[in-house]
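Scroll down for the structure; my scribbles are underneath it.
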Amino acid sequence: MVQVVPVAEGKELTAMPQYSTYQPKPYKPRMSAYWYLDQWHYLRYAMRESSSFFVAYFAVITLIGIAALDTGPTAYAHFQALMRSPAIIILNALALAFILLHAVTWFLLVPRVALRQFLGKPTPDIIASAPNFMVWFGASVIVALFILRII
């Protein structure tokens, strides 16, 4: 037998109960626009991430230099004159500092993650990153020997 429930006080019964649409607000703590200045590792993280813009800058400058070299001697002379301007020299020095930061932090970060995935346990930083720094140093010595025309 089907049970029939009478309508209570003039309201109809529905298949689904009606809930209020009130939802509590999620907790969102206020964060300063300068949150990365609060602690050193936050600042180091922000600097490492922003250093990729300088990597892109050097890539574009290198491509422009190659294009000027391909165009001819006058275009390359104009490019060299642009690179000798004091503003560009300061910008390139700043970019070099950020690229070195990018390379060092990358060489410290990647081997730790790769070895942890491979070995299944953490390894000391110096053991994980030493091979990268040795290869980097060796390549730098070879490039320096070519520049100095010893090789």
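Identifiers in the structure tokens: chain A, B, ... in order shown; residue index from 1 per chain; ligand index from 1 in order shown.
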
Skip Pro111 in chain A itself and residues of its chain fewer than 6 positions away, then list as a VMD selection string all residues within 10 Å of it, counting only C-alpha atoms. chain A and resid 117 123 125 to 132

Test item: residues at most 10 Å from Ile66 in chain A, only C-alpha atoms, excluding those fewer than 6 positions along its chain, as JSON, numbers by chain: {"A": [60, 76, 79]}

Using only C-alpha atoms, which residues sit within 12 Å of range 21-34 of chain A once same-chain residues fewer than 4 positions away are excluded, as a list in words? Asp38, Gln39, Tyr42, Leu43 and Ala46 of chain A

Length of the CA of Phe133 in chain A to CA of Phe107 in chain A vector [Å]: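 Pair CA of Phe133 in chain A / CA of Phe107 in chain A returns 7.2 Å.
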
What is the distance, in Å and to one decimal place, between CA of Arg112 in chain A and CA of Phe137 in chain A? 19.4 Å

One decimal place gives the CA of Pro122 in chain A-CA of Trp106 in chain A separation as 17.1 Å

Thr105 in chain A environment, 10 Å, only C-alpha atoms, sequence neighbours closer than 4 positions dropped, as a PyMOL selection string: chain A and resi 44-45+48+99-101+109-110

Please produce a file of the residues just selected, as a compact mmCIF listing (two decimals), in the first residue's frame, where the atoms kept are N, CA and C atoms.
```txt
# COMPACT_ATOMS: atom_id res chain seq x y z
N ARG A 44 64.07 34.29 -3.08
CA ARG A 44 64.92 33.49 -3.97
C ARG A 44 64.06 32.81 -5.03
N TYR A 45 62.89 32.31 -4.64
CA TYR A 45 61.97 31.69 -5.59
C TYR A 45 61.51 32.70 -6.64
N ARG A 48 64.36 33.47 -8.99
CA ARG A 48 64.62 32.37 -9.91
C ARG A 48 63.58 32.33 -11.02
N ILE A 99 71.03 35.29 -15.22
CA ILE A 99 71.22 34.01 -15.91
C ILE A 99 72.11 33.09 -15.10
N LEU A 100 73.13 33.64 -14.45
CA LEU A 100 73.95 32.81 -13.56
C LEU A 100 73.13 32.28 -12.39
N LEU A 101 72.28 33.13 -11.83
CA LEU A 101 71.37 32.67 -10.77
C LEU A 101 70.47 31.55 -11.28
N LEU A 109 68.63 22.21 -8.41
CA LEU A 109 67.29 21.69 -8.25
C LEU A 109 67.05 20.38 -9.01
N VAL A 110 67.42 20.34 -10.27
CA VAL A 110 67.05 19.21 -11.12
C VAL A 110 67.66 17.88 -10.66
```
